[in-house]
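Scroll down for the structure; my scribbles are underneath it.
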Protein chains: 2
Amino acid sequence: MSQRSAADHRRAEISEMVAEQGFVRIDELADHFSVTTMTIHRDLDDLNERGVLSKVRSGAKATPLEVIERNVTFRQHHLLDHKRAIAAAAAAWIRERDDLSVVALDDSTTVLALADLLSTDESLTLVTNFRPAIERIAEADAAKLIGIGGAFDPQFQSFHGASAIESVRSIQVDVACISATSVWRGALYNPAEAPLLVKRAMLRQAEHSLLLIDHSKFSRRALHRQAGLEEFDAVIVDSDIDEDTLGALRSSAEHVIVAPVVQR
Amino acid sequence: MSQRSAADHRRAEISEMVAEQGFVRIDELADHFSVTTMTIHRDLDDLNERGVLSKVRSGAKATPLEVIERNVTFRQHHLLDHKRAIAAAAAAWIRERDDLSVVALDDSTTVLALADLLSTDESLTLVTNFRPAIERIAEADAAKLIGIGGAFDPQFQSFHGASAIESVRSIQVDVACISATSVWRGALYNPAEAPLLVKRAMLRQAEHSLLLIDHSKFSRRALHRQAGLEEFDAVIVDSDIDEDTLGALRSSAEHVIVAPVVQR
DNA sequence: CGAACATAACACCCAATCACGTTACGTTCT
DNA sequence: AGAACGTAACGTGATTGGGTGTTATGTTCG
């Protein structure tokens, strides 16, 4: 499954090196990987394009962490196995309860993995403001789809704003599947306000709610408070979460599901 | 540009044969093209999938015209040069007037060609309920995008329903670019009602309006009346329209622009 | 200015995909 | 049952496209 080409592999390693060292020279990289500087140039152009790093003269420097966290194309491939595990657990949770047919999905890459799992189910109606999710659900041509429109935000690849909120408010949802950038002291936080408002609206319209969150989110902070952990029917985390954090989570959330990560 | 592979060419010819004769046998086709029946099977599977024809035992029969006309994947490649010509004229019309910045686009393939032309312009805001258009505009990452959400209709690949109408009503549009399936006695007609309602809402919210329509639409009929030709600031047709029809059109529309079709 | 660096254009290689045929096995007619 | 037809699976040859190097030409720095 996670079959990477040689180029992808090299680019991933470059990303790591840049993240660690802050700056790396192009000729160093060319030397290290035994390729031409031209190849490195192309790698850096690509990574720069995707917002993973900044290409500067003679090398590349790290992008500020906050920017990375917002960037969809970066997030998309990050911790993919973990996200799939979490999504599988969420799908199971939903399928156990067969009275749930309208599922709202927010604009997170974790939930995107869930969209893939649910999109083949003809009996479901999926509601989302996330363009990649809309794309895949439409492609699958099985589940019914309600798109939440509004002002498109290229950074998040999703639709926000008053119009989006309005649209969400006009729908009754059985279960909302939500993620967040940061979990801290029993509450969720997000770096930007616009997508957060849509998430809140989804929660408000939902009879049930699931929080899908991977272990990396517990060591972060973000600006805007989104919701409290106790508001969710269940919180789903991957099994790479550490003991202490899991303990703390169990004390503040109603029900915690730990999704086993399958290593490739 | 229009570089077709041998297989595409054969499939196009099959489509024609089926359209003309109503039904063709698989072994006839295999014989005619000097290929195996298996290859024809695959061709028909594909064409059937795309809704161009219906595969039945021992052969293929034509799909009712109405169904063909509704089918997006079929429409997408139909009269492409004409659509491009019309779109170019529409783009010119809009660019001549530099006070126009919010453009609404309906769910038609003609207008999709226009979306491609406008999506690179950073000063524009594009509004649409058409998934392929949303996709391409987001991809271009230049023009601002407002997505119209709602219930997704796989047949048209666009969003409809009360929620979509509501969303459109909350926006002020400078110019609405609309198409239709049929033009008949000075009015527009559409085979389905749901997309029509969104088109009407777009027109209502728009200061100006353009009708983009190719010559094939004048020899058709459809069920639901959409609007009168006189409601548009300008009607854009391709140059393959015949004299009489053009004359009639000129008498019922305010302003008619004939877009020259470039032959490849 | 000259050295270091960036980019554009072209050519090549390899791997993945596609189109097609062949065969073998199901399925549906009469 | 037997003929006609459909489908699944595999092999193969052609085609495509991504990834890389090379060279030639710009561009920026000191």
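To be explicit about the labels: the chains of the structure tokens are called A, B, and onward in the order shown, and within each one the residues are counted from 1, while ligands get numbers from 1 in the order they are shown.
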
Residue hits in chain B, query chain C, radius 12 Å, only C-alpha atoms (C1' of nucleotides), as a list in words: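 Filtering chain B at 12 Å from chain C with only C-alpha atoms (C1' of nucleotides) gives Ser5, Ala6, Ala7, Asp8, Ser34, Val35, Thr36, Thr37, Met38, Thr39, Ile40, His41, Arg42, Asp43, Arg57 and Ser58 of chain B.
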
Residue neighbourhood A:Arg204, 10 Å, only C-alpha atoms (C1' of nucleotides), exclusion window fewer than 4 positions, as a ChimeraX atom specification: /A:168-169,172-173,176,198-200,208-209

Interface list for chain D, partner chain A, 8 Å threshold, only C-alpha atoms (C1' of nucleotides), as a PyMOL selection string: chain D and resi 19-21

Would you tabulate, counting only C-alpha atoms, all residues of chain A that have an atom at most 12 Å from an atom of chain B, showing the closest pair of atoms and their distance in Å to one decimal, sorted by chain then ascending number, as a tab-separated table?
residue	atom	partner	partner_atom	distance
A:Thr125	CA	B:Ala151	CA	9.7
A:Leu126	CA	B:Ala151	CA	10.0
A:Val127	CA	B:Ala151	CA	9.1
A:Thr128	CA	B:Gly149	CA	9.4
A:Asn129	CA	B:Gly149	CA	8.4
A:Phe130	CA	B:Gly147	CA	11.0
A:Arg131	CA	B:Glu135	CA	8.1
A:Pro132	CA	B:Glu135	CA	9.3
A:Ala133	CA	B:Glu135	CA	11.9
A:Ile134	CA	B:Arg131	CA	8.7
A:Glu135	CA	B:Arg131	CA	8.1
A:Arg136	CA	B:Arg131	CA	11.5
A:Ile137	CA	B:Phe152	CA	10.1
A:Ala138	CA	B:Pro154	CA	7.0
A:Glu139	CA	B:Pro154	CA	9.1
A:Ala140	CA	B:Pro154	CA	10.2
A:Asp141	CA	B:Pro154	CA	7.1
A:Ala142	CA	B:Pro154	CA	9.5
A:Ala143	CA	B:Phe152	CA	10.3
A:Lys144	CA	B:Phe152	CA	7.3
A:Leu145	CA	B:Phe152	CA	5.3
A:Ile146	CA	B:Ala151	CA	4.5
A:Gly147	CA	B:Gly149	CA	4.6
A:Ile148	CA	B:Gly149	CA	4.6
A:Gly149	CA	B:Gly149	CA	3.9
A:Gly150	CA	B:Gly147	CA	5.2
A:Ala151	CA	B:Ile146	CA	4.5
A:Phe152	CA	B:Leu145	CA	5.3
A:Asp153	CA	B:Leu145	CA	8.1
A:Pro154	CA	B:Ala138	CA	7.0
A:Gln155	CA	B:Asp141	CA	10.1
A:Phe156	CA	B:Ala138	CA	11.2
A:Gln157	CA	B:Ala138	CA	8.0
A:Ser158	CA	B:Gly147	CA	9.4
A:Phe159	CA	B:Gly147	CA	7.1
A:His160	CA	B:Ile146	CA	9.3
A:Gly161	CA	B:Ile146	CA	9.9
A:Ala162	CA	B:Ser170	CA	9.5
A:Ser163	CA	B:Ser167	CA	6.2
A:Ala164	CA	B:Gly149	CA	8.2
A:Ile165	CA	B:Ser167	CA	10.6
A:Glu166	CA	B:Ser167	CA	8.3
A:Ser167	CA	B:Ser163	CA	6.2
A:Val168	CA	B:Ser163	CA	9.3
A:Arg169	CA	B:Ser163	CA	10.1
A:Ser170	CA	B:Ser163	CA	7.4
A:Ile171	CA	B:Ser163	CA	9.1

Residues of stretch 12-255 of chain B in alpha helix (DSSP H), written as an MDAnalysis selection string: chainID B and resid 12:21 26:33 37:49 65:70 72:76 80:96 109:118 131:140 161:169 193:205 243:252
